[in-house]
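Below is one structure, written out as structure tokens; the observations come after it.
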Protein chains: 2
Amino acid sequence: MKFCSACGQGVELKIPPGDHLPRHVCTQCGEIHYFNPKVIAGCIPEWEDGRILMCKRNIEPRLGKWTFPAGFLELNETSGQGAAREAKEESQAEVEITGLLSVINVPYVSQIYVVHRARLLRPEFGPTNESAEVRLMREDEIPWDEIAFPTIFHSLKFFFADRAQGIQGFHELDLTKRLLRPE
Amino acid sequence: MKFCSACGQGVELKIPPGDHLPRHVCTQCGEIHYFNPKVIAGCIPEWEDGRILMCKRNIEPRLGKWTFPAGFLELNETSGQGAAREAKEESQAEVEITGLLSVINVPYVSQIYVVHRARLLRPEFGPTNESAEVRLMREDEIPWDEIAFPTIFHSLKFFFADRAQGIQGFHELDLTKRLLRPE
């Protein structure tokens with residue numbers, strides 16, 4: 001940020017009174033501008049035969065890698081609504097959100113993933129601007145070496161481990177190092 | 001937002017190609033500016049006798065009402081780190097985060113609360129700029145009619161209900177109406 005979004009004049013970095021971190025403060029109107037982490041809402045849509053819906057990314061970053069539907073939460077949305085919207089946008093799929101699977105902090109990119117379990121309502125889906133290919137996959141078909149992000153990798157592992165035990169657990173995880181897969 | 005924070009020129013609201021919502025787009029440099037929900041990180045610090053740490057707000061909104069420590073997550077923080085920082089800032093308390101208690105969507109203010117269980121490490125705490133009074137409270141001392149926000153109210157209810165059962169559950173909730181207390 002170089003200019004104040006309220007008045008268009010220059011900003012400077014300084015710690016406002018009573019604050020503890022430098023903020024972008026307008027040199028003219030005094031407006032303080034905050035930047036905060038973003039929420040990624042996602043879901044793992046499961047069809048009635050147990051296969052899950054996976055998307056091959058058609059956009060950067062991680063073009064060509066696989067993910068379940070997930071994207072930035074929008075204003076005035078719940079994480080479940082955001083996850084269902086992303087499923088529609090990325091895979092043309094209609095889903096019903098059924099519960100929370102995982103919350104994963106990714107502080108090195110200032111993101112927090114909120115990943116839901118979901119039911120695929122109809123076996124209708126297909127490619128979109130964001131996904132070159134959309135497929136239903138059995139667990140043994142998941143391309144573990146071609147998963148787009150560690151948050152996706154871990155959430156899938158949580159999902160299948162729970163299902164093997166017949167439970168619907170909740171999982172929290174902090175990713176503090178840039179690793180694509182667990183050590 | 002009226003001006004581009006990258007170049008200082010005017011912005012207009014329009015839907016960028018491939019997008020689905022109007023964004024603030026710079027009329028000069030073309031920069032697209034996104035606004036997204038914010039994460040509130042909080043914790044319920046429990047002392048070894050079972051009392052929990054509560055703060056009487058010294059700032060608006062809800063000045064004079066009671067809350068546990070919670071505030072906006074900062075860049076490059078995990079929700080646990082943010083919750084522990086807020087405990088220090090709001091109550092001078094040192095806490096250890098022990099697990100996730102609740103995730104509460106509040107779409108009407110574009111917020112998502114991520115609330116943790118915590119252990120108060122020492123019985124040392126006190127008022128701050130943000131808290132006029134800080135107290136350890138037994139469950140029967142909680143001022144249920146004077147709680148600052150519905151997210152705080154519900155998280156406290158989850159906490160005590162779990163403890164009565166001897167469990168450490170995880171709870172998700174979407175607050176879709178502006179209510180201070182459950183109906």
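Ordering of the structure tokens sets the chain letters (A, B, ...), residue numbers begin anew at 1 in every chain, and ligands are numbered from 1 in the order given.
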For stretch 3-89 of chain B versus stretch 160-164 of chain B, which residues have an atom no more than 12 Å away, and what is each residue's nearest atom pair and distance in Å rounded to one decimal, using only C-alpha atoms, chain-then-number order, as JSON lines?
```
{"residue": "B:Ile44", "atom": "CA", "partner": "B:Phe160", "partner_atom": "CA", "distance": 10.6}
{"residue": "B:Glu46", "atom": "CA", "partner": "B:Phe160", "partner_atom": "CA", "distance": 11.2}
{"residue": "B:Gly50", "atom": "CA", "partner": "B:Arg163", "partner_atom": "CA", "distance": 9.7}
{"residue": "B:Arg51", "atom": "CA", "partner": "B:Phe160", "partner_atom": "CA", "distance": 10.8}
{"residue": "B:Ile52", "atom": "CA", "partner": "B:Phe160", "partner_atom": "CA", "distance": 10.3}
```
Chain B contacts on chain A, only C-alpha atoms, 6 Å, as a list in words: Met1, Lys2, Phe3, Cys4, Ser5, Ala6, Gly8, Asn36, Pro37, Glu74, Leu75, Asn76, Glu77, Thr78, Asn105, Pro107, Tyr108 and Ser110 of chain A
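The protein and nucleic acid residues lying at most 12 Å from B:Arg135 are Pro45, Glu46, Trp47, Arg51, Ile52, Leu53, Met54, Cys55, Lys56, Arg57, Trp66, Thr67, Phe68, Pro69, Glu90, Ser91, Gln92, Ala93, Pro123, Glu124, Phe125, Gly126, Pro127, Glu141, Ile142 and Pro143 of chain B, with only C-alpha atoms considered and sequence neighbours fewer than 6 positions away removed.
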Next, dump the selected residues to file, keeping only N, CA and C atoms, as a compact mmCIF listing (two decimals), in the first residue's frame.
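This went into part00.txt:
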```
# COMPACT_ATOMS: atom_id res chain seq x y z
N PRO B 45 -9.14 -18.73 29.07
CA PRO B 45 -8.05 -19.15 29.96
C PRO B 45 -8.63 -19.70 31.26
N GLU B 46 -8.25 -20.92 31.60
CA GLU B 46 -8.77 -21.59 32.79
C GLU B 46 -7.65 -21.70 33.83
N TRP B 47 -7.94 -21.24 35.04
CA TRP B 47 -6.97 -21.40 36.13
C TRP B 47 -7.14 -22.78 36.74
N ARG B 51 -11.69 -21.78 37.63
CA ARG B 51 -12.22 -20.46 37.26
C ARG B 51 -11.63 -20.01 35.92
N ILE B 52 -12.38 -19.19 35.21
CA ILE B 52 -11.90 -18.71 33.91
C ILE B 52 -11.73 -17.20 33.94
N LEU B 53 -10.86 -16.73 33.05
CA LEU B 53 -10.49 -15.32 33.04
C LEU B 53 -11.44 -14.52 32.14
N MET B 54 -12.07 -13.52 32.74
CA MET B 54 -12.99 -12.67 31.98
C MET B 54 -12.56 -11.21 32.08
N CYS B 55 -12.86 -10.46 31.01
CA CYS B 55 -12.44 -9.07 30.90
C CYS B 55 -13.67 -8.18 30.68
N LYS B 56 -13.71 -7.07 31.40
CA LYS B 56 -14.78 -6.08 31.20
C LYS B 56 -14.28 -5.06 30.19
N ARG B 57 -14.96 -4.95 29.07
CA ARG B 57 -14.46 -4.12 27.97
C ARG B 57 -14.35 -2.65 28.36
N TRP B 66 -18.84 -7.93 29.23
CA TRP B 66 -17.81 -8.91 29.55
C TRP B 66 -17.49 -9.85 28.40
N THR B 67 -16.23 -10.25 28.32
CA THR B 67 -15.75 -11.15 27.27
C THR B 67 -14.55 -11.93 27.80
N PHE B 68 -14.20 -13.01 27.12
CA PHE B 68 -12.86 -13.57 27.31
C PHE B 68 -11.95 -12.91 26.27
N PRO B 69 -10.63 -13.04 26.39
CA PRO B 69 -9.74 -12.35 25.45
C PRO B 69 -9.96 -12.81 24.00
N GLU B 90 -5.00 -7.89 26.50
CA GLU B 90 -6.27 -7.47 27.11
C GLU B 90 -6.31 -7.69 28.62
N SER B 91 -5.46 -8.62 29.12
CA SER B 91 -5.58 -8.97 30.54
C SER B 91 -4.23 -9.13 31.24
N GLN B 92 -3.13 -8.89 30.52
CA GLN B 92 -1.77 -9.08 31.07
C GLN B 92 -1.46 -10.54 31.39
N ALA B 93 -2.33 -11.46 31.00
CA ALA B 93 -2.17 -12.87 31.39
C ALA B 93 -1.29 -13.64 30.42
N PRO B 123 -1.44 -16.96 38.25
CA PRO B 123 -2.63 -16.17 38.61
C PRO B 123 -2.29 -14.68 38.65
N GLU B 124 -1.68 -14.23 37.55
CA GLU B 124 -1.26 -12.83 37.44
C GLU B 124 -1.93 -12.21 36.23
N PHE B 125 -2.69 -11.16 36.46
CA PHE B 125 -3.45 -10.50 35.40
C PHE B 125 -3.92 -9.17 35.96
N GLY B 126 -4.47 -8.34 35.08
CA GLY B 126 -4.95 -7.05 35.58
C GLY B 126 -5.51 -6.21 34.46
N PRO B 127 -6.00 -5.03 34.77
CA PRO B 127 -6.62 -4.17 33.76
C PRO B 127 -5.61 -3.67 32.74
N GLU B 141 -20.63 -17.40 38.43
CA GLU B 141 -20.39 -15.96 38.52
C GLU B 141 -20.44 -15.26 37.15
N ILE B 142 -20.53 -16.06 36.08
CA ILE B 142 -20.53 -15.47 34.73
C ILE B 142 -21.75 -14.56 34.57
N PRO B 143 -21.54 -13.31 34.16
CA PRO B 143 -22.69 -12.38 34.00
C PRO B 143 -23.35 -12.59 32.64
```
In stretch 42-96 of chain A, DSSP strand (DSSP E) residues written as a PDB file with C-alpha atoms, in the first residue's frame:
```pdb
ATOM      1  CA  GLY A  42     -13.200 -25.605   1.142  1.00  0.00           C
ATOM      2  CA  CYS A  43     -15.109 -28.854   1.046  1.00  0.00           C
ATOM      3  CA  ILE A  44     -14.597 -32.512   0.193  1.00  0.00           C
ATOM      4  CA  PRO A  45     -17.703 -33.512  -1.792  1.00  0.00           C
ATOM      5  CA  GLU A  46     -18.453 -37.229  -1.397  1.00  0.00           C
ATOM      6  CA  ILE A  52     -14.778 -37.779  -3.725  1.00  0.00           C
ATOM      7  CA  LEU A  53     -14.689 -34.891  -6.156  1.00  0.00           C
ATOM      8  CA  MET A  54     -11.237 -33.652  -7.145  1.00  0.00           C
ATOM      9  CA  CYS A  55     -10.257 -30.784  -9.459  1.00  0.00           C
ATOM     10  CA  LYS A  56      -7.110 -30.369 -11.551  1.00  0.00           C
ATOM     11  CA  ARG A  57      -6.087 -26.725 -11.264  1.00  0.00           C
ATOM     12  CA  TRP A  66      -5.053 -31.565  -7.787  1.00  0.00           C
ATOM     13  CA  THR A  67      -7.290 -30.159  -5.081  1.00  0.00           C
ATOM     14  CA  ALA A  70     -11.568 -24.315  -2.012  1.00  0.00           C
ATOM     15  CA  GLY A  71     -11.126 -20.561  -2.305  1.00  0.00           C
ATOM     16  CA  PHE A  72     -11.192 -17.198  -0.555  1.00  0.00           C
ATOM     17  CA  VAL A  95     -23.090 -29.933  -2.799  1.00  0.00           C
ATOM     18  CA  GLU A  96     -24.615 -29.968   0.663  1.00  0.00           C
TER      19      GLU A  96
END
```
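Closest approach to B:Ala41 from the set B:Arg122, B:Arg138, B:His116, B:Arg178 is made by B:His116, with distances taken over only C-alpha atoms.
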Picked from stretch 81-160 of chain A by DSSP as alpha helix (DSSP H), as a ChimeraX atom specification: /A:81-91,150-160
